[in-house]
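Below is work-v6.cif, holding mmCIF, C-alpha atoms and all ligand atoms.
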data_model
loop_
_atom_site.group_PDB
_atom_site.id
_atom_site.type_symbol
_atom_site.label_atom_id
_atom_site.label_comp_id
_atom_site.auth_asym_id
_atom_site.auth_seq_id
_atom_site.Cartn_x
_atom_site.Cartn_y
_atom_site.Cartn_z
ATOM 1 C CA MET A 1 -32.824 5.216 -6.791
ATOM 2 C CA ALA A 2 -32.668 3.747 -3.306
ATOM 3 C CA ILE A 3 -29.245 3.984 -1.706
ATOM 4 C CA GLU A 4 -28.955 0.169 -1.496
ATOM 5 C CA GLU A 5 -29.583 -0.023 -5.215
ATOM 6 C CA LEU A 6 -26.950 2.616 -5.915
ATOM 7 C CA TYR A 7 -24.457 0.754 -3.737
ATOM 8 C CA ARG A 8 -25.210 -2.494 -5.584
ATOM 9 C CA GLU A 9 -24.634 -0.771 -8.938
ATOM 10 C CA ILE A 10 -21.269 0.598 -7.780
ATOM 11 C CA ILE A 11 -20.175 -2.827 -6.505
ATOM 12 C CA LEU A 12 -21.211 -4.576 -9.727
ATOM 13 C CA ASP A 13 -19.478 -1.933 -11.831
ATOM 14 C CA HIS A 14 -16.173 -2.527 -10.028
ATOM 15 C CA TYR A 15 -16.675 -6.290 -10.227
ATOM 16 C CA ARG A 16 -17.326 -6.233 -13.978
ATOM 17 C CA ASN A 17 -14.739 -3.553 -14.770
ATOM 18 C CA PRO A 18 -12.029 -3.898 -12.138
ATOM 19 C CA ARG A 19 -9.725 -0.893 -11.982
ATOM 20 C CA ARG A 20 -5.975 -1.319 -12.176
ATOM 21 C CA ARG A 21 -6.170 -5.012 -12.969
ATOM 22 C CA GLY A 22 -2.843 -6.620 -13.849
ATOM 23 C CA THR A 23 0.658 -6.886 -12.482
ATOM 24 C CA LEU A 24 3.568 -4.474 -12.224
ATOM 25 C CA SER A 25 6.973 -4.964 -13.755
ATOM 26 C CA GLY A 26 10.027 -3.357 -12.283
ATOM 27 C CA ASN A 27 10.621 -2.828 -8.601
ATOM 28 C CA HIS A 28 7.492 -3.432 -6.565
ATOM 29 C CA ILE A 29 6.017 -4.956 -3.438
ATOM 30 C CA HIS A 30 3.888 -8.079 -3.894
ATOM 31 C CA ALA A 31 1.350 -9.469 -1.458
ATOM 32 C CA GLU A 32 -1.392 -12.029 -1.786
ATOM 33 C CA GLY A 33 -4.135 -13.526 0.306
ATOM 34 C CA ASP A 34 -7.167 -15.736 0.210
ATOM 35 C CA ASN A 35 -10.461 -16.194 1.977
ATOM 36 C CA PRO A 36 -11.102 -19.949 2.148
ATOM 37 C CA SER A 37 -14.634 -19.551 3.516
ATOM 38 C CA CYS A 38 -15.717 -18.096 0.157
ATOM 39 C CA GLY A 39 -12.919 -19.179 -2.186
ATOM 40 C CA ASP A 40 -11.752 -15.623 -2.859
ATOM 41 C CA GLU A 41 -8.187 -14.917 -3.955
ATOM 42 C CA PHE A 42 -6.469 -11.578 -4.241
ATOM 43 C CA SER A 43 -2.998 -10.298 -5.064
ATOM 44 C CA LEU A 44 -1.590 -6.820 -5.024
ATOM 45 C CA ASP A 45 1.477 -5.168 -6.560
ATOM 46 C CA LEU A 46 2.541 -1.773 -5.231
ATOM 47 C CA ALA A 47 5.223 0.514 -6.607
ATOM 48 C CA VAL A 48 6.354 3.082 -4.068
ATOM 49 C CA GLU A 49 8.605 6.077 -4.459
ATOM 50 C CA ASN A 50 9.372 8.906 -2.064
ATOM 51 C CA GLU A 51 6.873 7.600 0.517
ATOM 52 C CA ILE A 52 4.051 7.579 -2.042
ATOM 53 C CA VAL A 53 2.277 4.724 -3.835
ATOM 54 C CA ILE A 54 2.905 5.664 -7.463
ATOM 55 C CA ASP A 55 1.363 2.567 -9.023
ATOM 56 C CA ALA A 56 -0.823 -0.351 -8.004
ATOM 57 C CA ALA A 57 -2.076 -3.450 -9.794
ATOM 58 C CA ILE A 58 -4.481 -6.127 -8.604
ATOM 59 C CA GLN A 59 -5.409 -9.631 -9.597
ATOM 60 C CA GLY A 60 -7.875 -12.025 -8.131
ATOM 61 C CA GLN A 61 -10.881 -14.206 -8.467
ATOM 62 C CA GLY A 62 -13.894 -14.813 -6.328
ATOM 63 C CA CYS A 63 -17.160 -13.212 -5.406
ATOM 64 C CA SER A 64 -18.277 -9.736 -6.426
ATOM 65 C CA ILE A 65 -17.765 -8.321 -2.922
ATOM 66 C CA SER A 66 -14.111 -9.371 -2.635
ATOM 67 C CA GLN A 67 -13.172 -8.313 -6.160
ATOM 68 C CA ALA A 68 -15.082 -5.016 -6.051
ATOM 69 C CA SER A 69 -13.497 -4.196 -2.699
ATOM 70 C CA GLY A 70 -10.057 -4.786 -4.233
ATOM 71 C CA SER A 71 -10.805 -2.614 -7.243
ATOM 72 C CA MET A 72 -12.066 0.221 -5.051
ATOM 73 C CA MET A 73 -9.078 -0.142 -2.754
ATOM 74 C CA ALA A 74 -6.611 0.058 -5.648
ATOM 75 C CA GLU A 75 -8.173 3.331 -6.735
ATOM 76 C CA ALA A 76 -8.261 4.707 -3.211
ATOM 77 C CA ILE A 77 -4.559 4.184 -2.456
ATOM 78 C CA ILE A 78 -2.980 5.484 -5.643
ATOM 79 C CA ASN A 79 -0.838 8.606 -5.226
ATOM 80 C CA LYS A 80 -1.296 8.421 -1.461
ATOM 81 C CA THR A 81 1.297 8.431 1.295
ATOM 82 C CA LEU A 82 1.673 5.602 3.798
ATOM 83 C CA THR A 83 -0.048 7.736 6.461
ATOM 84 C CA GLU A 84 -2.945 8.562 4.164
ATOM 85 C CA ILE A 85 -3.370 4.894 3.238
ATOM 86 C CA GLN A 86 -3.347 3.857 6.883
ATOM 87 C CA ASP A 87 -6.049 6.458 7.509
ATOM 88 C CA ILE A 88 -8.193 5.102 4.655
ATOM 89 C CA ALA A 89 -7.724 1.516 5.881
ATOM 90 C CA HIS A 90 -8.697 2.595 9.393
ATOM 91 C CA LYS A 91 -11.849 4.372 8.199
ATOM 92 C CA PHE A 92 -12.809 1.347 6.105
ATOM 93 C CA LYS A 93 -12.311 -0.921 9.109
ATOM 94 C CA ILE A 94 -14.543 1.297 11.252
ATOM 95 C CA MET A 95 -17.209 1.436 8.556
ATOM 96 C CA MET A 96 -17.306 -2.350 8.263
ATOM 97 C CA ALA A 97 -17.490 -2.755 12.040
ATOM 98 C CA ILE A 98 -20.517 -0.527 12.631
ATOM 99 C CA GLU A 99 -23.376 -2.921 13.152
ATOM 100 C CA ASP A 100 -26.335 -0.729 12.480
ATOM 101 C CA GLY A 101 -27.363 2.791 11.621
ATOM 102 C CA ASP A 102 -26.328 4.628 8.517
ATOM 103 C CA GLU A 103 -24.877 7.718 10.049
ATOM 104 C CA PRO A 104 -22.002 9.226 8.087
ATOM 105 C CA LEU A 105 -18.810 7.902 9.581
ATOM 106 C CA ASP A 106 -16.741 10.730 8.230
ATOM 107 C CA PRO A 107 -17.723 14.263 9.271
ATOM 108 C CA ASP A 108 -16.037 15.561 6.139
ATOM 109 C CA ARG A 109 -18.475 13.893 3.791
ATOM 110 C CA PRO A 110 -19.166 14.265 0.898
ATOM 111 C CA GLY A 111 -15.406 14.759 0.747
ATOM 112 C CA SER A 112 -15.020 11.331 2.354
ATOM 113 C CA VAL A 113 -11.744 9.643 1.550
ATOM 114 C CA LEU A 114 -13.610 6.374 1.086
ATOM 115 C CA GLY A 115 -15.446 7.359 -2.086
ATOM 116 C CA ASP A 116 -16.892 4.287 -3.821
ATOM 117 C CA LEU A 117 -15.828 2.156 -0.864
ATOM 118 C CA GLU A 118 -18.847 3.466 1.004
ATOM 119 C CA ALA A 119 -20.899 1.212 -1.271
ATOM 120 C CA LEU A 120 -19.629 -1.706 0.804
ATOM 121 C CA ARG A 121 -21.185 -0.410 4.011
ATOM 122 C CA GLY A 122 -24.292 -2.567 3.445
ATOM 123 C CA VAL A 123 -22.101 -5.681 3.554
ATOM 124 C CA ARG A 124 -21.438 -5.247 7.272
ATOM 125 C CA ARG A 125 -24.853 -6.762 7.996
ATOM 126 C CA PHE A 126 -23.530 -10.079 6.650
ATOM 127 C CA PRO A 127 -20.509 -11.180 8.711
ATOM 128 C CA VAL A 128 -19.558 -13.914 6.218
ATOM 129 C CA ARG A 129 -19.375 -11.324 3.432
ATOM 130 C CA VAL A 130 -17.390 -8.907 5.589
ATOM 131 C CA LYS A 131 -14.538 -11.407 5.300
ATOM 132 C CA CYS A 132 -14.822 -11.082 1.521
ATOM 133 C CA ALA A 133 -14.729 -7.279 1.686
ATOM 134 C CA ASN A 134 -11.762 -7.352 4.072
ATOM 135 C CA LEU A 135 -9.572 -9.716 2.010
ATOM 136 C CA PRO A 136 -7.958 -6.998 -0.163
ATOM 137 C CA TRP A 137 -7.339 -4.913 2.959
ATOM 138 C CA ALA A 138 -5.628 -7.779 4.763
ATOM 139 C CA THR A 139 -3.473 -8.163 1.645
ATOM 140 C CA LEU A 140 -2.785 -4.424 1.654
ATOM 141 C CA SER A 141 -1.775 -4.636 5.303
ATOM 142 C CA ASP A 142 0.759 -7.306 4.368
ATOM 143 C CA ALA A 143 2.102 -5.069 1.581
ATOM 144 C CA LEU A 144 2.376 -2.081 3.923
ATOM 145 C CA THR A 145 4.251 -4.209 6.423
ATOM 146 C CA GLN A 146 6.754 -5.080 3.702
ATOM 147 C CA TRP A 147 6.954 -1.419 2.746
ATOM 148 C CA THR A 148 7.755 -0.178 6.225
ATOM 149 C CA GLY A 149 9.550 -3.248 7.432
ATOM 150 C CA ASP A 150 7.549 -2.980 10.648
ATOM 151 C CA ALA A 151 4.421 -4.739 11.825
ATOM 152 C CA LEU A 152 1.430 -2.429 11.646
ATOM 153 C CA SER A 153 -1.369 -2.779 14.106
HETATM 154 ZN ZN ZN A 201 -16.275 -13.783 -1.190
#
I'd like the structure from this file rewritten - as structure tokens, please.
Amino acid sequence: MAIEELYREIILDHYRNPRRRGTLSGNHIHAEGDNPSCGDEFSLDLAVENEIVIDAAIQGQGCSISQASGSMMAEAIINKTLTEIQDIAHKFKIMMAIEDGDEPLDPDRPGSVLGDLEALRGVRRFPVRVKCANLPWATLSDALTQWTGDALS
């Protein structure tokens, strides 16, 4: 199977079977965002305890890229510390910014922290779709800002 085909399968799987879909009850952080250029909407609930994300739930509607990105993100941040999540968000940002070439961005691969998120690397060739992929991460950034009470760069 060509790598592009594999990536497409992973994206469609997350789109059709989003992980951690729903909302949280009890004490949690809530953030939401939208991407008007595509009509994507996304919301995120995070429960944090002792500096760790112990639960996450997502809701949204829109294109497969935005919703798959959110599903992958929700899986990637669970049971992670703030620092670890910032690292994942940073690596994702770098991956989506690389214009060409398919060199591994993480020297530790295949132990890459991005996991399924690497399936979105093909999206970077389509700037309009990059906005879709980034929506859940912009929402996450908002949630992290609420968590820390500080603006994160
Ligand atoms: Zn979209």
Worksheet item: Nearest to ligand ZN 201 (chain A) among A:Ile65, A:Ala119, A:Ala74, A:Ile94, with distances taken over all atoms listed in the file: which residue is it?
Response: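 Of A:Ile65, A:Ala119, A:Ala74, A:Ile94, the one nearest ligand ZN 201 (chain A), counting all atoms listed in the file, is A:Ile65.
Nearest-residue note for ligand ZN 201 (chain A): choosing from A:Ser25, A:Asp13, A:Lys131, A:Gln59, the minimum distance belongs to A:Lys131, counting only C-alpha atoms and all ligand atoms.
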Could you tell me which residues the PyMOL selection byres (((chain A and resi 42-58) around 10) and not hetatm) grabs in this file, written as JSON, numbers by chain? {"A": [18, 19, 20, 21, 22, 23, 24, 25, 26, 27, 28, 29, 30, 31, 32, 33, 34, 35, 40, 41, 59, 60, 61, 62, 66, 67, 70, 71, 73, 74, 75, 77, 78, 79, 80, 81, 82, 83, 84, 85, 135, 136, 137, 138, 139, 140, 142, 143, 144, 147, 148]}
Residues picked by the PyMOL selection byres (((chain A and resi 129) around 10) and not hetatm) here, as a ChimeraX atom specification? /A:37-38,63,65-66,120,123-128,130-134
What separates CA of Glu5 (chain A) and CA of His90 (chain A) is a distance of 25.6 Å
Closest of A:Ile10, A:Leu117, A:Ala68, A:Ala97 to ligand ZN 201 (chain A), counting only C-alpha atoms and all ligand atoms, is A:Ala68
Do you have the CA of Met95 (chain A)-CA of Gly149 (chain A) distance handy?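 According to the coordinates, CA of Met95 (chain A) and CA of Gly149 (chain A) are separated by 27.2 Å.
Note that the spacing between atom ZN of ligand ZN 201 (chain A) and CA of Gly39 (chain A) amounts to 6.4 Å.
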**Q.** Counting all atoms listed in the file, the option among A:Ala76, A:Tyr7, A:Phe92, A:Ser64 closest to ligand ZN 201 (chain A)
**A.**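 Residue with the minimum atom-to-atom distance to ligand ZN 201 (chain A): A:Ser64.
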Item to check | Distance criterion (all atoms listed in the file): nearest to ligand ZN 201 (chain A) out of A:Ile3, A:Ser69, A:Leu12, A:Asn17 | outcome: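 Once distances to ligand ZN 201 (chain A) are computed over all atoms listed in the file, the minimum belongs to A:Ser69.
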